[in-house]
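Undergrad: My structure is below; once you've seen it, I'll send some questions.
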Amino acid sequence: MKKVIINLNNVTYVHRGISYLNQLNLRIYESEVVGFIHIDHVGKRQLVEVLEQNVPIHYGKITIDDMVVNTHFNSNSGFNKSVYIIDSHNKFIQELTVIDNFFVLNNVKSDFVIHENKYEEILKTVLSDLAIDIKGNELVQDLSLGQQKILEIIKAVYYGAKFIVVLDISDFLSVEEMKEIHDIMDTFKVSGVSFGYFCNHHEEQFAISDRIFLVENGTIQKILYPDEYSDDKMLNYSFDFQEMVKDFKTPVLNELIEIKNLSTEGLSELSLSVRKGECVTILNKSNKSFDALLGIFSGQDKNYSGSIKINNVDLEAARNDISFVPFNPIDNFLFFDFSIHDNLMLEINKKYPSKLLNRKVREKVKEKVSSIFGKRDLNQDLFNLDVYTLYKIVYSKILVFNPEVVVLVQPFSNANMYLRQDIITLIQRLLDSGITVIILAVSLSDAKYLSNRIIYVDNLEL
């Protein structure tokens, strides 16, 4: 009989009058990878929270490793040592060595005296058994992000974690790094460790998960087993994204962007061209190439060789013809204290600084986005707006600015199925208006449905 590692029994979690988990029943067994696909935004963060920490719950009981850790009448707010979260946050101190982060900065097994040679031998044994080539005296900042996440998993298991939550890490790790993560998960699964794999792309889930929970409105709607892993099955619980984009306008043949022999740290002599109205995804199998392109397009890296021309004008002289939507745009592209209208005007102000307070221009902007926002009051600030409305503001800023080309960084990162549908529709608006779209991504995800071409950059080259 399989051993139950985690058992959530009729768990209901209510915060400030909003119910995020609704009579959730969930069993996770030893030595398995369970996938979680959230169809909507409700309860994802809260589910991770109740697994990691014994926060007060409205009703139900949570058992971890045969011990009742949380009930509706007794929540101690303590952390569950058997559960560990792998996400985008850095858990290591970058300026210290691997040994220091692995052994010294830990209050479970560390000694009063630092025995560096002893720790180095222990770490060498642990890593060699896993065929991991990382030296104990290396600084963490010199490791790739993928290597750091692998070390996090190894450290969590070494210190007794029985259940590891892997939370949307394919949003920022390359394809190669994710393969290494999956290999480590398979290795530890054999030794009894279980994983909760949170990712909203079913193709990725099919490759790693033993079971998949489809979650909507804070409750499990369906459990998929491997014999049910198919695109057709998922259409019952998601959208046909291919059907959504079948009427895309064909791009014109005129060349808009020409990149010749582009080189910088992490990139070697990249050459390609992009046509006007085209949607091109540049898929980076290495984060080095991703960071290099990101730095050049955003204007942070001006020390590159080669050339980028937009309409035969050098990139630096054509900055007003290019817009840039950063990773996690809600946090990095919007000003919550400003009104919706002012957020839209800020993008125009980059091109025409005197236009911000021009009444006629403001009215034209309002008219241009009326089909997107309807009767919504554009004078309200951004606090208390739902996620979809915030994304509409992000992409409306680009429509208003009307550049020749926009660069989108990981546009589907951490988006549930409903939001992915909305983002595809918003990007389609950009394309329909004649704006050329370049998507920078480390995983293909939904960009494949939008793209006229997908360009792979591997080992610093095309």
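Identifiers for the structure tokens are assigned positionally: chains receive A, B, ... in sequence, residues are indexed from 1 per chain, and ligands are indexed from 1 in the order shown.
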Can you tell me, as a ChimeraX atom specification, which residues in segment 108-307 of chain A count as alpha helix (DSSP H) by DSSP?

TA: /A:116-129,145-158,175-190,202-208,231-234,241-244,287-298

Undergrad: Can you tell me which residues surround Asp291 of chain A at a distance of at most 12 Å, considering only C-alpha atoms, apart from same-chain residues fewer than 3 positions away, and format the answer as a list in words?

TA: Phe172, Leu173, Ser174, Thr264, Glu265, Gly266, Leu267, Leu283, Asn284, Lys285, Ser286, Asn287, Lys288, Leu294, Gly295, Ile296, Phe297, Ser298, Gln300, Asp301, Phe327, Val409, Leu440, Ala441, Val442, Val457 and Leu460 of chain A

Undergrad: Residues of the last selection are to be written out with N, CA and C atoms, as a JSON list (two decimals), in the first residue's frame.

TA:
[["chain", "number", "residue", "atom", "x", "y", "z"],
["A", 172, "PHE", "N", 11.48, 30.88, -16.19],
["A", 172, "PHE", "CA", 12.75, 31.59, -16.22],
["A", 172, "PHE", "C", 13.95, 30.69, -16.45],
["A", 173, "LEU", "N", 13.78, 29.37, -16.50],
["A", 173, "LEU", "CA", 14.87, 28.47, -16.80],
["A", 173, "LEU", "C", 14.79, 28.01, -18.26],
["A", 174, "SER", "N", 15.94, 27.74, -18.84],
["A", 174, "SER", "CA", 15.97, 27.33, -20.24],
["A", 174, "SER", "C", 15.50, 25.89, -20.40],
["A", 264, "THR", "N", 27.83, 39.99, -28.46],
["A", 264, "THR", "CA", 28.11, 40.58, -27.14],
["A", 264, "THR", "C", 28.31, 39.40, -26.21],
["A", 265, "GLU", "N", 28.49, 39.66, -24.92],
["A", 265, "GLU", "CA", 28.67, 38.55, -24.00],
["A", 265, "GLU", "C", 27.40, 37.68, -23.97],
["A", 266, "GLY", "N", 27.57, 36.42, -24.35],
["A", 266, "GLY", "CA", 26.43, 35.51, -24.40],
["A", 266, "GLY", "C", 25.81, 35.36, -25.77],
["A", 267, "LEU", "N", 26.35, 36.06, -26.78],
["A", 267, "LEU", "CA", 25.78, 36.01, -28.12],
["A", 267, "LEU", "C", 26.90, 36.14, -29.14],
["A", 283, "LEU", "N", 13.53, 31.74, -29.37],
["A", 283, "LEU", "CA", 13.56, 30.78, -28.27],
["A", 283, "LEU", "C", 15.00, 30.50, -27.90],
["A", 284, "ASN", "N", 15.33, 30.81, -26.65],
["A", 284, "ASN", "CA", 16.71, 30.67, -26.18],
["A", 284, "ASN", "C", 16.86, 29.40, -25.36],
["A", 285, "LYS", "N", 17.66, 28.47, -25.83],
["A", 285, "LYS", "CA", 17.92, 27.26, -25.05],
["A", 285, "LYS", "C", 18.92, 27.54, -23.94],
["A", 286, "SER", "N", 19.58, 28.70, -24.01],
["A", 286, "SER", "CA", 20.52, 29.09, -22.97],
["A", 286, "SER", "C", 20.12, 30.45, -22.43],
["A", 287, "ASN", "N", 20.12, 30.61, -21.11],
["A", 287, "ASN", "CA", 19.78, 31.90, -20.52],
["A", 287, "ASN", "C", 20.79, 32.99, -20.85],
["A", 288, "LYS", "N", 22.01, 32.59, -21.21],
["A", 288, "LYS", "CA", 23.03, 33.58, -21.56],
["A", 288, "LYS", "C", 22.60, 34.35, -22.80],
["A", 294, "LEU", "N", 18.08, 40.51, -24.37],
["A", 294, "LEU", "CA", 17.29, 41.37, -23.49],
["A", 294, "LEU", "C", 18.00, 42.70, -23.25],
["A", 295, "GLY", "N", 19.30, 42.62, -22.98],
["A", 295, "GLY", "CA", 20.07, 43.83, -22.71],
["A", 295, "GLY", "C", 20.14, 44.75, -23.91],
["A", 296, "ILE", "N", 20.29, 44.16, -25.10],
["A", 296, "ILE", "CA", 20.40, 44.97, -26.32],
["A", 296, "ILE", "C", 19.07, 45.62, -26.67],
["A", 297, "PHE", "N", 18.00, 44.84, -26.70],
["A", 297, "PHE", "CA", 16.69, 45.39, -27.08],
["A", 297, "PHE", "C", 16.20, 46.44, -26.08],
["A", 298, "SER", "N", 16.51, 46.25, -24.79],
["A", 298, "SER", "CA", 16.02, 47.19, -23.78],
["A", 298, "SER", "C", 16.88, 48.45, -23.69],
["A", 300, "GLN", "N", 19.92, 48.56, -22.37],
["A", 300, "GLN", "CA", 20.86, 48.50, -21.26],
["A", 300, "GLN", "C", 22.27, 48.14, -21.72],
["A", 301, "ASP", "N", 22.37, 47.39, -22.80],
["A", 301, "ASP", "CA", 23.68, 46.99, -23.34],
["A", 301, "ASP", "C", 23.91, 47.73, -24.65],
["A", 327, "PHE", "N", 9.44, 41.43, -18.47],
["A", 327, "PHE", "CA", 8.95, 40.27, -17.73],
["A", 327, "PHE", "C", 8.13, 40.75, -16.54],
["A", 409, "VAL", "N", 8.76, 40.12, -23.36],
["A", 409, "VAL", "CA", 9.60, 39.19, -22.60],
["A", 409, "VAL", "C", 8.72, 38.21, -21.83],
["A", 440, "LEU", "N", 10.60, 37.17, -26.78],
["A", 440, "LEU", "CA", 11.78, 36.52, -26.21],
["A", 440, "LEU", "C", 11.31, 35.51, -25.19],
["A", 441, "ALA", "N", 11.69, 34.25, -25.36],
["A", 441, "ALA", "CA", 11.18, 33.20, -24.49],
["A", 441, "ALA", "C", 12.26, 32.16, -24.22],
["A", 442, "VAL", "N", 12.14, 31.49, -23.09],
["A", 442, "VAL", "CA", 13.01, 30.35, -22.80],
["A", 442, "VAL", "C", 12.24, 29.04, -22.95],
["A", 457, "VAL", "N", 17.90, 29.90, -30.67],
["A", 457, "VAL", "CA", 19.27, 30.35, -30.43],
["A", 457, "VAL", "C", 19.88, 29.39, -29.41],
["A", 460, "LEU", "N", 24.91, 30.13, -28.00],
["A", 460, "LEU", "CA", 25.23, 31.51, -28.35],
["A", 460, "LEU", "C", 24.97, 31.85, -29.80]]

Undergrad: Using only C-alpha atoms, which residues sit within 10 Å of Phe198 of chain A once same-chain residues fewer than 5 positions away are excluded, as a ChimeraX atom specification?

TA: /A:34-38,44,48,87,165-170,205,212-213,414

Undergrad: Taking N, CA and C atoms for each residue, export the selection above as a short mmCIF file (atom, residue, chain, number, x, y, z; two decimals), in the first residue's frame.

TA:
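Output file result08.cif follows:
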data_model
loop_
_atom_site.label_atom_id
_atom_site.label_comp_id
_atom_site.auth_asym_id
_atom_site.auth_seq_id
_atom_site.Cartn_x
_atom_site.Cartn_y
_atom_site.Cartn_z
N VAL A 34 3.19 15.01 -8.75
CA VAL A 34 1.81 15.40 -9.04
C VAL A 34 1.82 16.79 -9.66
N GLY A 35 1.12 16.92 -10.77
CA GLY A 35 1.05 18.21 -11.45
C GLY A 35 -0.17 18.99 -11.03
N PHE A 36 -0.04 20.32 -11.04
CA PHE A 36 -1.16 21.21 -10.74
C PHE A 36 -1.31 22.20 -11.89
N ILE A 37 -2.46 22.16 -12.54
CA ILE A 37 -2.80 23.14 -13.58
C ILE A 37 -3.98 23.95 -13.07
N HIS A 38 -3.77 25.25 -12.89
CA HIS A 38 -4.84 26.12 -12.42
C HIS A 38 -5.52 26.76 -13.63
N LYS A 44 -4.23 29.40 -6.17
CA LYS A 44 -2.91 28.82 -6.45
C LYS A 44 -1.90 29.19 -5.38
N VAL A 48 -0.23 26.71 -2.13
CA VAL A 48 1.19 26.61 -1.80
C VAL A 48 1.43 27.07 -0.36
N ASP A 87 11.07 28.21 -6.23
CA ASP A 87 10.40 29.20 -7.08
C ASP A 87 11.42 30.18 -7.61
N VAL A 165 7.73 21.51 -3.65
CA VAL A 165 6.87 22.22 -4.60
C VAL A 165 7.77 22.92 -5.62
N VAL A 166 7.56 22.61 -6.89
CA VAL A 166 8.30 23.24 -7.98
C VAL A 166 7.33 24.20 -8.65
N LEU A 167 7.56 25.51 -8.45
CA LEU A 167 6.54 26.52 -8.77
C LEU A 167 6.94 27.37 -9.98
N ASP A 168 6.41 27.02 -11.13
CA ASP A 168 6.53 27.84 -12.36
C ASP A 168 7.97 28.18 -12.72
N ILE A 169 8.90 27.27 -12.50
CA ILE A 169 10.30 27.61 -12.76
C ILE A 169 10.64 27.58 -14.25
N SER A 170 9.81 26.94 -15.06
CA SER A 170 10.08 26.95 -16.51
C SER A 170 9.84 28.33 -17.11
N GLN A 205 3.51 19.39 -18.36
CA GLN A 205 3.05 18.50 -17.29
C GLN A 205 3.06 17.04 -17.74
N ILE A 212 -2.17 14.53 -12.71
CA ILE A 212 -2.32 15.98 -12.86
C ILE A 212 -3.67 16.40 -12.28
N PHE A 213 -3.63 17.38 -11.36
CA PHE A 213 -4.85 17.94 -10.79
C PHE A 213 -5.22 19.20 -11.57
N ASN A 414 3.57 32.62 -15.81
CA ASN A 414 2.72 32.51 -14.62
C ASN A 414 1.25 32.81 -14.89
#
